[in-house]
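So this one's protein_31.csv, CSV, C-alpha atoms and all ligand atoms:
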```csv
chain,number,residue,atom,x,y,z
A,1,MET,CA,94.7,102.2,109.6
A,2,LEU,CA,95.6,101.0,106.1
A,3,LYS,CA,92.6,101.2,103.8
A,4,LEU,CA,93.3,97.7,102.7
A,5,LYS,CA,93.3,96.4,106.2
A,6,GLN,CA,89.9,98.1,106.8
A,7,LYS,CA,88.6,96.4,103.6
A,8,ILE,CA,89.6,93.0,104.9
A,9,LEU,CA,88.1,93.7,108.3
A,10,ASP,CA,84.8,94.8,106.6
A,11,LEU,CA,84.7,91.6,104.5
A,12,PHE,CA,85.3,89.5,107.7
A,13,ALA,CA,82.5,91.4,109.5
A,14,GLU,CA,80.1,91.1,106.6
A,15,HIS,CA,80.6,87.3,106.7
A,16,GLY,CA,80.5,86.9,110.4
A,17,HIS,CA,84.2,85.8,110.6
A,18,GLU,CA,84.9,86.6,114.2
A,19,LYS,CA,88.0,84.5,114.8
A,20,SER,CA,90.8,87.1,115.7
A,21,PRO,CA,89.9,89.3,112.7
A,22,GLU,CA,92.5,92.0,113.5
A,23,ALA,CA,95.4,89.5,113.9
A,24,GLU,CA,94.3,87.6,110.7
A,25,ALA,CA,94.0,90.8,108.7
A,26,ASN,CA,97.6,91.7,109.8
A,27,LEU,CA,98.9,88.3,108.8
A,28,ILE,CA,97.2,88.5,105.4
A,29,LEU,CA,98.8,92.0,104.8
A,30,PHE,CA,102.2,90.8,106.0
A,31,ASN,CA,102.2,87.9,103.5
A,32,ALA,CA,100.8,89.9,100.6
A,33,TYR,CA,103.4,92.7,101.1
A,34,ARG,CA,106.3,90.4,101.6
A,35,HIS,CA,105.5,88.5,98.4
A,36,ARG,CA,105.8,91.8,96.6
A,37,TYR,CA,108.7,93.1,98.7
A,38,PRO,CA,110.7,90.0,100.0
A,39,ILE,CA,112.9,92.4,102.0
A,40,ILE,CA,110.0,92.7,104.5
A,41,GLN,CA,110.8,90.0,107.1
A,42,LYS,CA,109.4,91.4,110.3
A,43,TYR,CA,105.8,90.9,111.2
A,44,SER,CA,106.1,93.7,113.8
A,45,GLU,CA,106.4,96.2,110.9
A,46,ILE,CA,102.9,95.4,110.0
A,47,LEU,CA,101.7,95.9,113.5
A,48,GLN,CA,103.4,99.3,113.7
A,49,GLY,CA,102.3,100.2,110.2
A,50,THR,CA,105.9,101.4,109.7
A,51,PHE,CA,106.6,100.0,106.2
A,52,THR,CA,103.8,101.6,104.2
A,53,ASP,CA,105.8,104.7,103.5
A,54,LYS,CA,108.8,102.7,102.3
A,55,PHE,CA,106.8,100.1,100.4
A,56,PRO,CA,103.8,101.4,98.5
A,57,MET,CA,100.7,99.3,98.0
A,58,THR,CA,100.2,98.0,94.5
A,59,ALA,CA,97.2,96.6,92.6
A,60,GLU,CA,98.8,93.1,92.9
A,61,ILE,CA,99.2,93.4,96.7
A,62,GLU,CA,95.5,94.4,97.0
A,63,GLU,CA,94.4,91.6,94.7
A,64,GLU,CA,96.4,89.0,96.5
A,65,ALA,CA,95.3,90.2,100.0
A,66,MET,CA,91.6,90.2,99.0
A,67,LYS,CA,92.0,86.7,97.4
A,68,MET,CA,93.4,85.4,100.7
A,69,ALA,CA,90.7,87.1,102.8
A,70,ASN,CA,88.0,85.6,100.5
A,71,GLN,CA,89.5,82.1,101.0
A,72,ARG,CA,89.6,82.7,104.7
A,73,ILE,CA,85.9,83.5,105.0
A,74,LYS,CA,85.2,80.1,103.4
A,75,GLY,CA,86.8,78.5,106.5
A,76,ILE,CA,90.1,77.5,104.9
A,77,PRO,CA,92.8,77.8,107.7
A,78,LEU,CA,94.9,80.9,107.3
A,79,GLN,CA,98.1,78.9,107.4
A,80,HIS,CA,97.0,76.9,104.4
A,81,ILE,CA,96.3,80.1,102.5
A,82,THR,CA,99.5,81.8,103.4
A,83,GLY,CA,101.5,78.6,103.3
A,84,ASN,CA,103.4,79.4,106.5
A,85,GLN,CA,103.3,79.5,110.3
A,86,PHE,CA,105.8,81.1,112.7
A,87,PHE,CA,106.9,78.6,115.4
A,88,PHE,CA,109.2,79.5,118.2
A,89,GLU,CA,112.1,81.2,116.3
A,90,HIS,CA,111.5,80.3,112.7
A,91,ASP,CA,109.0,80.6,109.9
A,92,TYR,CA,107.8,77.2,108.8
A,93,ILE,CA,106.2,76.1,105.5
A,94,VAL,CA,103.0,74.2,106.0
A,95,ASN,CA,100.3,72.5,103.9
A,96,SER,CA,97.3,70.4,104.5
A,97,HIS,CA,99.4,67.2,105.0
A,98,VAL,CA,100.9,68.4,108.3
A,99,LEU,CA,99.5,69.6,111.6
A,100,ILE,CA,99.6,73.4,111.8
A,101,PRO,CA,102.2,74.2,114.5
A,102,ARG,CA,100.4,75.2,117.7
A,103,PRO,CA,101.3,77.7,120.4
A,104,GLU,CA,101.2,75.0,123.1
A,105,THR,CA,103.9,73.1,121.3
A,106,GLU,CA,106.2,76.2,121.9
A,107,ILE,CA,105.9,75.4,125.6
A,108,LEU,CA,107.3,71.9,124.8
A,109,ILE,CA,110.2,73.1,122.8
A,110,SER,CA,111.2,76.0,125.1
A,111,ASN,CA,111.3,73.5,128.0
A,112,VAL,CA,113.3,71.0,125.9
A,113,LEU,CA,115.9,73.7,124.9
A,114,ASP,CA,116.1,74.8,128.5
A,115,VAL,CA,117.0,71.3,129.7
A,116,ILE,CA,119.5,70.8,126.8
A,117,SER,CA,121.2,74.1,127.8
A,118,LYS,CA,121.7,72.8,131.3
A,119,LYS,CA,122.6,69.1,130.6
A,120,TRP,CA,124.4,69.2,127.3
A,121,PRO,CA,125.3,72.8,126.6
A,122,LYS,CA,128.3,71.9,124.3
A,123,LYS,CA,128.5,68.1,124.6
A,124,PRO,CA,127.1,66.0,121.8
A,125,PHE,CA,123.7,64.4,122.7
A,126,ARG,CA,121.4,62.1,120.9
A,127,PHE,CA,117.6,62.6,120.5
A,128,ALA,CA,114.7,60.9,118.9
A,129,GLU,CA,111.3,62.3,118.0
A,130,LEU,CA,108.1,60.3,117.1
A,131,GLY,CA,105.8,62.1,114.7
A,132,LEU,CA,108.0,64.6,112.9
A,133,GLY,CA,105.1,66.3,111.0
A,134,SER,CA,106.2,69.6,109.6
A,135,GLY,CA,109.6,69.2,111.4
A,136,ILE,CA,109.2,72.0,113.9
A,137,LEU,CA,110.5,70.3,117.0
A,138,SER,CA,113.6,68.5,115.6
A,139,THR,CA,114.4,71.5,113.4
A,140,GLU,CA,114.5,73.8,116.4
A,141,ILE,CA,116.8,71.5,118.3
A,142,LEU,CA,119.1,71.1,115.3
A,143,ALA,CA,119.0,74.9,114.7
A,144,HIS,CA,120.0,75.7,118.3
A,145,TYR,CA,122.5,72.9,118.9
A,146,LYS,CA,125.2,72.0,116.4
A,147,SER,CA,126.1,69.1,118.7
A,148,ALA,CA,122.7,67.5,118.4
A,149,LEU,CA,122.4,64.1,116.6
A,150,GLY,CA,118.8,63.0,116.0
A,151,ILE,CA,116.4,60.6,114.4
A,152,ALA,CA,112.7,61.1,113.8
A,153,SER,CA,109.9,58.9,112.7
A,154,GLU,CA,106.9,59.9,110.6
A,155,VAL,CA,104.3,57.7,109.0
A,156,SER,CA,103.1,60.2,106.4
A,157,PRO,CA,105.4,60.4,103.3
A,158,GLN,CA,103.8,63.8,102.4
A,159,ALA,CA,104.7,65.1,105.9
A,160,ILE,CA,108.3,63.8,105.5
A,161,ALA,CA,108.5,65.8,102.3
A,162,MET,CA,107.3,68.9,104.1
A,163,ALA,CA,109.7,68.4,107.0
A,164,ARG,CA,112.6,68.0,104.5
A,165,GLN,CA,111.6,71.3,102.9
A,166,ASN,CA,111.6,73.0,106.3
A,167,LEU,CA,115.0,71.5,107.3
A,168,ASP,CA,116.5,72.8,104.0
A,169,HIS,CA,114.8,76.1,104.4
A,170,ILE,CA,115.9,76.7,108.0
A,171,LEU,CA,119.2,74.9,108.3
A,172,GLY,CA,120.3,75.0,104.6
A,173,PRO,CA,120.5,72.1,102.2
A,174,GLY,CA,123.5,69.8,103.0
A,175,ASN,CA,123.7,71.2,106.6
A,176,TRP,CA,121.6,68.6,108.4
A,177,GLU,CA,121.7,65.3,106.7
A,178,ASP,CA,124.9,64.1,108.5
A,179,ARG,CA,123.3,64.6,111.9
A,180,PHE,CA,119.6,63.9,111.4
A,181,SER,CA,117.8,61.0,109.8
A,182,ILE,CA,114.1,60.4,109.1
A,183,LEU,CA,112.5,56.9,109.4
A,184,GLU,CA,109.2,56.0,107.9
A,185,PRO,CA,107.5,53.1,109.7
A,186,ALA,CA,106.0,50.4,107.5
A,187,ASP,CA,102.6,50.8,109.2
A,188,LEU,CA,100.7,52.8,111.8
A,189,HIS,CA,101.1,50.1,114.5
A,190,ILE,CA,104.8,50.8,114.8
A,191,GLY,CA,105.5,53.3,117.5
A,192,PHE,CA,108.6,53.9,119.6
A,193,GLU,CA,109.9,50.4,118.8
A,194,ILE,CA,111.2,51.9,115.6
A,195,PHE,CA,114.1,53.4,117.6
A,196,GLY,CA,115.0,50.1,119.1
A,197,ASP,CA,117.7,49.4,116.5
A,198,TYR,CA,119.7,52.4,117.6
A,199,LYS,CA,121.7,53.1,120.8
A,200,PRO,CA,119.5,54.4,123.6
A,201,MET,CA,118.8,58.1,123.5
A,202,ASP,CA,119.6,61.0,125.9
A,203,LEU,CA,116.4,62.7,125.0
A,204,ILE,CA,113.1,61.6,123.5
A,205,ILE,CA,110.4,64.1,122.5
A,206,SER,CA,107.0,63.7,120.9
A,207,ASN,CA,103.8,65.6,120.2
A,208,PRO,CA,101.9,62.4,119.2
A,209,PRO,CA,98.4,62.1,117.9
A,210,TYR,CA,96.3,62.1,121.1
A,211,VAL,CA,92.8,63.4,120.3
A,212,SER,CA,89.9,61.2,121.4
A,213,VAL,CA,86.7,61.0,119.4
A,214,ASN,CA,85.0,62.2,122.6
A,215,ASP,CA,87.2,65.4,122.9
A,216,GLU,CA,85.8,68.7,121.7
A,217,ILE,CA,87.4,69.7,118.5
A,218,GLU,CA,86.8,72.6,116.2
A,219,ALA,CA,85.0,71.9,112.9
A,220,GLU,CA,87.7,73.8,110.9
A,221,VAL,CA,90.4,71.6,112.4
A,222,LEU,CA,88.4,68.4,111.7
A,223,ARG,CA,87.7,69.5,108.1
A,224,HIS,CA,91.2,70.7,107.1
A,225,GLU,CA,93.9,69.0,109.2
A,226,PRO,CA,95.2,65.5,108.7
A,227,HIS,CA,93.3,63.0,110.9
A,228,GLY,CA,96.4,60.9,111.2
A,229,ALA,CA,98.0,63.7,113.1
A,230,LEU,CA,95.1,64.2,115.5
A,231,PHE,CA,93.8,60.7,116.3
A,232,PRO,CA,95.9,57.6,117.1
A,233,MET,CA,94.6,55.4,114.3
A,234,VAL,CA,95.6,52.2,116.0
A,235,GLY,CA,93.1,49.7,117.2
A,236,GLY,CA,90.3,52.3,116.9
A,237,SER,CA,86.9,52.0,115.5
A,238,ASP,CA,88.4,51.7,112.0
A,239,GLU,CA,90.0,48.5,113.0
A,240,GLY,CA,86.9,47.2,114.9
A,241,GLY,CA,88.5,47.9,118.3
A,242,LYS,CA,88.0,50.5,121.0
A,243,GLU,CA,89.9,53.7,120.5
A,244,ASN,CA,92.9,54.3,122.7
A,245,PRO,CA,93.9,58.0,122.7
A,246,ASN,CA,96.8,57.2,125.0
A,247,PHE,CA,98.3,54.7,122.6
A,248,PHE,CA,101.6,56.5,122.0
A,249,TYR,CA,102.2,57.2,125.7
A,250,GLU,CA,101.6,53.6,126.6
A,251,ASN,CA,103.7,52.4,123.6
A,252,PHE,CA,106.6,54.6,124.9
A,253,LEU,CA,106.3,53.1,128.4
A,254,PHE,CA,106.3,49.6,126.9
A,255,ASN,CA,109.5,50.3,124.9
A,256,HIS,CA,111.4,52.9,127.0
A,257,SER,CA,114.0,50.6,128.5
A,258,LYS,CA,115.3,49.8,125.0
A,259,ILE,CA,115.3,53.3,123.6
A,260,LEU,CA,116.0,55.7,126.5
A,261,LYS,CA,119.2,55.8,128.5
A,262,PRO,CA,118.7,55.2,132.2
A,263,ASP,CA,119.4,58.9,132.9
A,264,GLY,CA,117.6,60.0,129.7
A,265,ILE,CA,114.7,62.6,129.7
A,266,VAL,CA,111.5,62.5,127.8
A,267,PHE,CA,109.1,65.3,126.9
A,268,PHE,CA,105.6,64.7,125.6
A,269,GLU,CA,102.8,67.1,124.6
A,270,ILE,CA,99.7,65.8,126.3
A,271,PRO,CA,96.0,66.6,126.3
A,272,HIS,CA,95.0,68.6,129.4
A,273,GLU,CA,91.8,66.5,129.7
A,274,ARG,CA,93.9,63.3,130.4
A,275,ALA,CA,97.1,64.9,131.9
A,276,ASP,CA,96.6,63.3,135.4
A,277,GLU,CA,95.8,59.9,133.9
A,278,ILE,CA,98.9,59.9,131.7
A,279,GLU,CA,101.1,61.2,134.5
A,280,HIS,CA,99.8,58.4,136.7
A,281,GLU,CA,100.8,55.8,134.0
A,282,PHE,CA,104.4,57.2,133.9
A,283,LYS,CA,104.7,57.2,137.7
A,284,ASN,CA,103.5,53.6,137.8
A,285,ALA,CA,106.3,52.8,135.4
A,286,GLY,CA,108.8,54.3,137.8
A,287,PHE,CA,109.3,57.7,136.3
A,288,LYS,CA,109.7,61.0,138.2
A,289,THR,CA,107.3,63.4,136.4
A,290,ASN,CA,106.7,67.1,136.0
A,291,LEU,CA,103.5,68.5,134.4
A,292,ILE,CA,104.1,71.9,132.7
A,293,PRO,CA,101.1,74.2,132.3
A,294,ASP,CA,100.2,76.5,129.4
A,295,LEU,CA,99.3,80.2,130.0
A,296,THR,CA,95.8,79.3,131.1
A,297,GLY,CA,97.2,77.0,133.7
A,298,ARG,CA,96.2,73.7,132.0
A,299,SER,CA,98.8,70.9,131.9
A,300,ARG,CA,100.1,70.5,128.3
A,301,VAL,CA,103.5,69.0,128.6
A,302,LEU,CA,104.8,66.0,130.6
A,303,MET,CA,108.5,65.8,131.4
A,304,ALA,CA,109.7,62.5,132.8
A,305,GLN,CA,112.9,60.8,133.9
A,306,LYS,CA,113.8,57.8,136.0
B,401,LIG,C1,100.3,65.9,116.4
B,401,LIG,S1,101.3,65.7,115.0
B,401,LIG,C2,102.8,66.5,115.5
B,401,LIG,C3,103.6,67.0,114.3
B,401,LIG,C4,104.7,67.9,114.8
B,401,LIG,N1,105.7,67.2,115.5
B,401,LIG,C5,104.2,69.1,115.6
B,401,LIG,O1,104.5,69.1,116.8
B,401,LIG,O2,103.5,70.0,115.0
B,401,LIG,C6,101.6,63.9,115.0
B,401,LIG,C7,102.4,63.4,113.8
B,401,LIG,O3,102.7,62.0,114.1
B,401,LIG,C8,102.5,61.3,112.9
B,401,LIG,N2,102.3,59.8,113.2
B,401,LIG,C9,101.1,59.2,113.4
B,401,LIG,N3,101.3,57.9,113.7
B,401,LIG,C10,102.6,57.7,113.7
B,401,LIG,C11,103.5,56.6,113.9
B,401,LIG,N4,103.0,55.4,114.2
B,401,LIG,N5,104.8,56.7,113.8
B,401,LIG,C12,105.4,58.0,113.5
B,401,LIG,N6,104.6,59.1,113.2
B,401,LIG,C13,103.3,58.9,113.3
B,401,LIG,C14,101.4,62.0,112.1
B,401,LIG,O4,101.4,61.7,110.7
B,401,LIG,C15,101.7,63.4,112.5
B,401,LIG,O5,102.5,64.0,111.6
```
Please, can you express the file's structure as structure tokens?
Ligand SMILES: C[S@@+](CC[C@H](N)C(=O)[O-])C[C@H]1O[C@@H](n2cnc3c(N)ncnc32)[C@H](O)[C@@H]1O
Amino acid sequence: MLKLKQKILDLFAEHGHEKSPEAEANLILFNAYRHRYPIIQKYSEILQGTFTDKFPMTAEIEEEAMKMANQRIKGIPLQHITGNQFFFEHDYIVNSHVLIPRPETEILISNVLDVISKKWPKKPFRFAELGLGSGILSTEILAHYKSALGIASEVSPQAIAMARQNLDHILGPGNWEDRFSILEPADLHIGFEIFGDYKPMDLIISNPPYVSVNDEIEAEVLRHEPHGALFPMVGGSDEGGKENPNFFYENFLFNHSKILKPDGIVFFEIPHERADEIEHEFKNAGFKTNLIPDLTGRSRVLMAQK
């Protein structure tokens, strides 16, 4: 094992940092090495330890890696330290204004791309996304399908700036603006109705804020990730009302006839704790539904169509 990796693991052990120490040490090394040697692109090279002969370690690499490890033991999310997160097929830039892309969201996008490949393999299709965040979902669709035309809404101007950076970084500046636009709602109460001024969509996707104040949530997430990306902030205790973690699902059902084509398809990321309850609401509104599980068997994605 690389001496530097052992040094990071020792620091983690000394400070009781037990969250995937091996994987996190690899990611720190990967980032420190590729900042010095931008030619290193493959994370797998770190896992196999294959690059160390070709790319010698330098004092700067060691200094940067240990700086990252020291930030990590203070509880700062690794992605905020390295400034990136791999999602599906691309490397995304992230910061504290956007939700860090999650593995369960890869289940959503892989199912979305699967459906597109069957329904509109070459034909143009129109999609909308509520809650663009770092841009991962819309960017993956645009990267895979040149025929895709999309709109996304995002209430946080800082998240919109980050999504634009990712669209430029992955698709290239000037390569997406004519087929994708971003809308900023005037306030948090505006949900799917924002798409009502456009022709109904073939596909609607969303990983909306859906955490309830009663759900279990890690302290690190609560401390470092934007609360507007986690909790639906509408009508909740801040506004003197009762929280409604299902706000965006219900808001979609209220607006769907204006924004989704009669044969359109919708994909939502959902909390496994309320998967059945949300599916029930979609069935009551006349949708045929399919709950898609994660690797642990918990329902994390709802697909629905009339
Ligand atoms: C759970 S995050 C998802 C981000 C990204 N799509 C992903 O999957 O990682 C939800 C996003 O919805 C945004 N959001 C919250 N309320 C909104 C609203 N009323 N309209 C549009 N976006 C909203 C948040 O700022 C946040 O970026």
Which residue out of A:Phe287, A:Phe254, A:Phe30, A:Phe87 has the minimum interatomic distance to ligand LIG 401 (chain B) when all atoms listed in the file are used?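 The shortest atom-to-atom distance to ligand LIG 401 (chain B) comes from A:Phe87.
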Using only C-alpha atoms and all ligand atoms, what are the residues with an atom within 7 Å of ligand LIG 401 (chain B), set out as number ranges by chain? A: 98-102, 105, 130-137, 153-156, 159, 185, 187-191, 206-209, 228-230, 232
Can you tell me how far atom CA of Ala23 of chain A sits from atom CA of Ile40 of chain A, in Å to one decimal? 17.7 Å
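As for atom CA of Leu29 of chain A and atom CA of Asn95 of chain A, they are spaced 19.6 Å apart.
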Identify, on the basis of only C-alpha atoms, every residue whose closest approach to Tyr249 of chain A does not exceed 9 Å; exclude the query and any residue fewer than 6 positions from it along the same chain; express the result as a VMD selection string. chain A and resid 208 210 268 270 278 281 to 282
Separation of atom CA of Lys283 of chain A from atom CA of Leu203 of chain A in Å: 18.1 Å
Closest of A:Tyr92, A:Trp120, A:Phe231, A:Phe127 to Asp168 of chain A - atom-to-atom distances counting only C-alpha atoms: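 Among the listed residues, the smallest separation from Asp168 of chain A belongs to A:Tyr92.
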I'd like the contact shell of Ser147 of chain A - 8 Å cut-off, only C-alpha atoms, skipping same-chain residues fewer than 2 positions apart - returned as number ranges by chain. A: 122-125, 145, 149
Would you write out those residues with C-alpha atoms, as an mmCIF file, keeping the file's coordinate frame?
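Result file out_13.cif:
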```
data_model
loop_
_atom_site.group_PDB
_atom_site.id
_atom_site.type_symbol
_atom_site.label_atom_id
_atom_site.label_comp_id
_atom_site.auth_asym_id
_atom_site.auth_seq_id
_atom_site.Cartn_x
_atom_site.Cartn_y
_atom_site.Cartn_z
ATOM 1 C CA LYS A 122 128.300 71.900 124.300
ATOM 2 C CA LYS A 123 128.500 68.100 124.600
ATOM 3 C CA PRO A 124 127.100 66.000 121.800
ATOM 4 C CA PHE A 125 123.700 64.400 122.700
ATOM 5 C CA TYR A 145 122.500 72.900 118.900
ATOM 6 C CA LEU A 149 122.400 64.100 116.600
#
```
Hey, which of A:Val115, A:Ile61, A:Ala69, A:Ile217 ends up closest to Ala13 of chain A? Count all atoms listed in the file. A:Ala69
For Leu222 of chain A, which residue out of A:Pro77, A:Pro103, A:Pro38, A:Pro21 is the nearest one, using only C-alpha atoms? A:Pro77
Counting all atoms listed in the file, closest pick from A:Phe247, A:Tyr33, A:Phe180, A:Phe86 relative to Glu62 of chain A is A:Tyr33
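Using only C-alpha atoms, the nearest neighbour of Trp176 of chain A within the list A:Leu142, A:Leu253, A:Ala25, A:Leu78 is A:Leu142.
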Could you build a table of the residues in segment 172-252 of chain A lying no more than 6 Å from segment 258-264 of chain A, giving for each the nearest pair of atoms and their separation in Å rounded to one decimal place, using all atoms listed in the file, ordered by chain and ascending residue number, as a Markdown table?
```
| residue | atom | partner | partner_atom | distance |
| --- | --- | --- | --- | --- |
| A:Gly196 | CA | A:Ile259 | CA | 5.5 |
| A:Pro200 | CA | A:Ile259 | CA | 4.3 |
| A:Met201 | CA | A:Leu260 | CA | 4.8 |
| A:Asp202 | CA | A:Gly264 | CA | 4.4 |
| A:Leu203 | CA | A:Gly264 | CA | 5.6 |
```
List as a list of chain:residue names the protein and nucleic acid residues near segment 72-76 of chain A, meaning an atom at most 7 Å away when only C-alpha atoms are counted, but skip any in the same chain fewer than 2 places from it.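 Neighbouring residues, sequence-local ones excluded: A:Phe12, A:His15, A:His17, A:Met68, A:Ala69, A:Asn70, A:Leu78, A:His80, A:Glu220.
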Mind writing the picked residues with C-alpha atoms as a PDB file, in the frame of the given file?
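again-v3.pdb was written with the following content:
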```
ATOM      1  CA  PHE A  12      85.300  89.500 107.700  1.00  0.00           C
ATOM      2  CA  HIS A  15      80.600  87.300 106.700  1.00  0.00           C
ATOM      3  CA  HIS A  17      84.200  85.800 110.600  1.00  0.00           C
ATOM      4  CA  MET A  68      93.400  85.400 100.700  1.00  0.00           C
ATOM      5  CA  ALA A  69      90.700  87.100 102.800  1.00  0.00           C
ATOM      6  CA  ASN A  70      88.000  85.600 100.500  1.00  0.00           C
ATOM      7  CA  LEU A  78      94.900  80.900 107.300  1.00  0.00           C
ATOM      8  CA  HIS A  80      97.000  76.900 104.400  1.00  0.00           C
ATOM      9  CA  GLU A 220      87.700  73.800 110.900  1.00  0.00           C
TER      10      GLU A 220
END
```
List as a VMD selection string the protein and nucleic acid residues near Thr289 of chain A, meaning an atom at most 12 Å away when all atoms listed in the file are counted, but skip any in the same chain fewer than 4 places from it. chain A and resid 265 to 268 275 to 276 278 to 285 301 to 306
As an mmCIF file, in the frame of the given file, the rebuilt segment 244-265 of chain A with N, CA and C atoms:
```cif
data_model
loop_
_atom_site.group_PDB
_atom_site.id
_atom_site.type_symbol
_atom_site.label_atom_id
_atom_site.label_comp_id
_atom_site.auth_asym_id
_atom_site.auth_seq_id
_atom_site.Cartn_x
_atom_site.Cartn_y
_atom_site.Cartn_z
ATOM 1 N N ASN A 244 92.062 54.045 121.597
ATOM 2 C CA ASN A 244 92.900 54.300 122.700
ATOM 3 C C ASN A 244 93.712 55.573 122.493
ATOM 4 N N PRO A 245 93.184 56.743 122.961
ATOM 5 C CA PRO A 245 93.900 58.000 122.700
ATOM 6 C C PRO A 245 95.243 58.076 123.368
ATOM 7 N N ASN A 246 95.484 57.170 124.349
ATOM 8 C CA ASN A 246 96.800 57.200 125.000
ATOM 9 C C ASN A 246 97.778 56.203 124.407
ATOM 10 N N PHE A 247 97.444 55.712 123.213
ATOM 11 C CA PHE A 247 98.300 54.700 122.600
ATOM 12 C C PHE A 247 99.769 54.996 122.633
ATOM 13 N N PHE A 248 100.158 56.211 122.184
ATOM 14 C CA PHE A 248 101.600 56.500 122.000
ATOM 15 C C PHE A 248 102.305 56.641 123.381
ATOM 16 N N TYR A 249 101.590 57.129 124.402
ATOM 17 C CA TYR A 249 102.200 57.200 125.700
ATOM 18 C C TYR A 249 102.479 55.814 126.265
ATOM 19 N N GLU A 250 101.486 54.947 126.087
ATOM 20 C CA GLU A 250 101.600 53.600 126.600
ATOM 21 C C GLU A 250 102.672 52.805 125.766
ATOM 22 N N ASN A 251 102.681 53.074 124.468
ATOM 23 C CA ASN A 251 103.700 52.400 123.600
ATOM 24 C C ASN A 251 105.081 52.848 124.018
ATOM 25 N N PHE A 252 105.247 54.123 124.393
ATOM 26 C CA PHE A 252 106.600 54.600 124.900
ATOM 27 C C PHE A 252 106.933 53.816 126.151
ATOM 28 N N LEU A 253 105.989 53.734 127.103
ATOM 29 C CA LEU A 253 106.300 53.100 128.400
ATOM 30 C C LEU A 253 106.681 51.615 128.155
ATOM 31 N N PHE A 254 106.040 50.985 127.181
ATOM 32 C CA PHE A 254 106.300 49.600 126.900
ATOM 33 C C PHE A 254 107.765 49.436 126.330
ATOM 34 N N ASN A 255 108.210 50.447 125.570
ATOM 35 C CA ASN A 255 109.500 50.300 124.900
ATOM 36 C C ASN A 255 110.659 51.100 125.528
ATOM 37 N N HIS A 256 110.369 51.884 126.585
ATOM 38 C CA HIS A 256 111.400 52.900 127.000
ATOM 39 C C HIS A 256 112.704 52.284 127.417
ATOM 40 N N SER A 257 112.694 51.082 128.018
ATOM 41 C CA SER A 257 114.000 50.600 128.500
ATOM 42 C C SER A 257 114.961 50.289 127.394
ATOM 43 N N LYS A 258 114.432 50.063 126.176
ATOM 44 C CA LYS A 258 115.300 49.800 125.000
ATOM 45 C C LYS A 258 115.779 51.043 124.319
ATOM 46 N N ILE A 259 115.015 52.123 124.466
ATOM 47 C CA ILE A 259 115.300 53.300 123.600
ATOM 48 C C ILE A 259 115.779 54.536 124.356
ATOM 49 N N LEU A 260 115.586 54.551 125.687
ATOM 50 C CA LEU A 260 116.000 55.700 126.500
ATOM 51 C C LEU A 260 117.101 55.323 127.435
ATOM 52 N N LYS A 261 118.167 56.133 127.517
ATOM 53 C CA LYS A 261 119.200 55.800 128.500
ATOM 54 C C LYS A 261 118.667 55.875 129.893
ATOM 55 N N PRO A 262 119.286 55.163 130.856
ATOM 56 C CA PRO A 262 118.700 55.200 132.200
ATOM 57 C C PRO A 262 118.610 56.583 132.800
ATOM 58 N N ASP A 263 119.528 57.494 132.398
ATOM 59 C CA ASP A 263 119.400 58.900 132.900
ATOM 60 C C ASP A 263 118.821 59.813 131.834
ATOM 61 N N GLY A 264 118.157 59.221 130.837
ATOM 62 C CA GLY A 264 117.600 60.000 129.700
ATOM 63 C C GLY A 264 116.315 60.770 130.190
ATOM 64 N N ILE A 265 115.921 61.734 129.347
ATOM 65 C CA ILE A 265 114.700 62.600 129.700
ATOM 66 C C ILE A 265 113.753 62.475 128.522
#
```
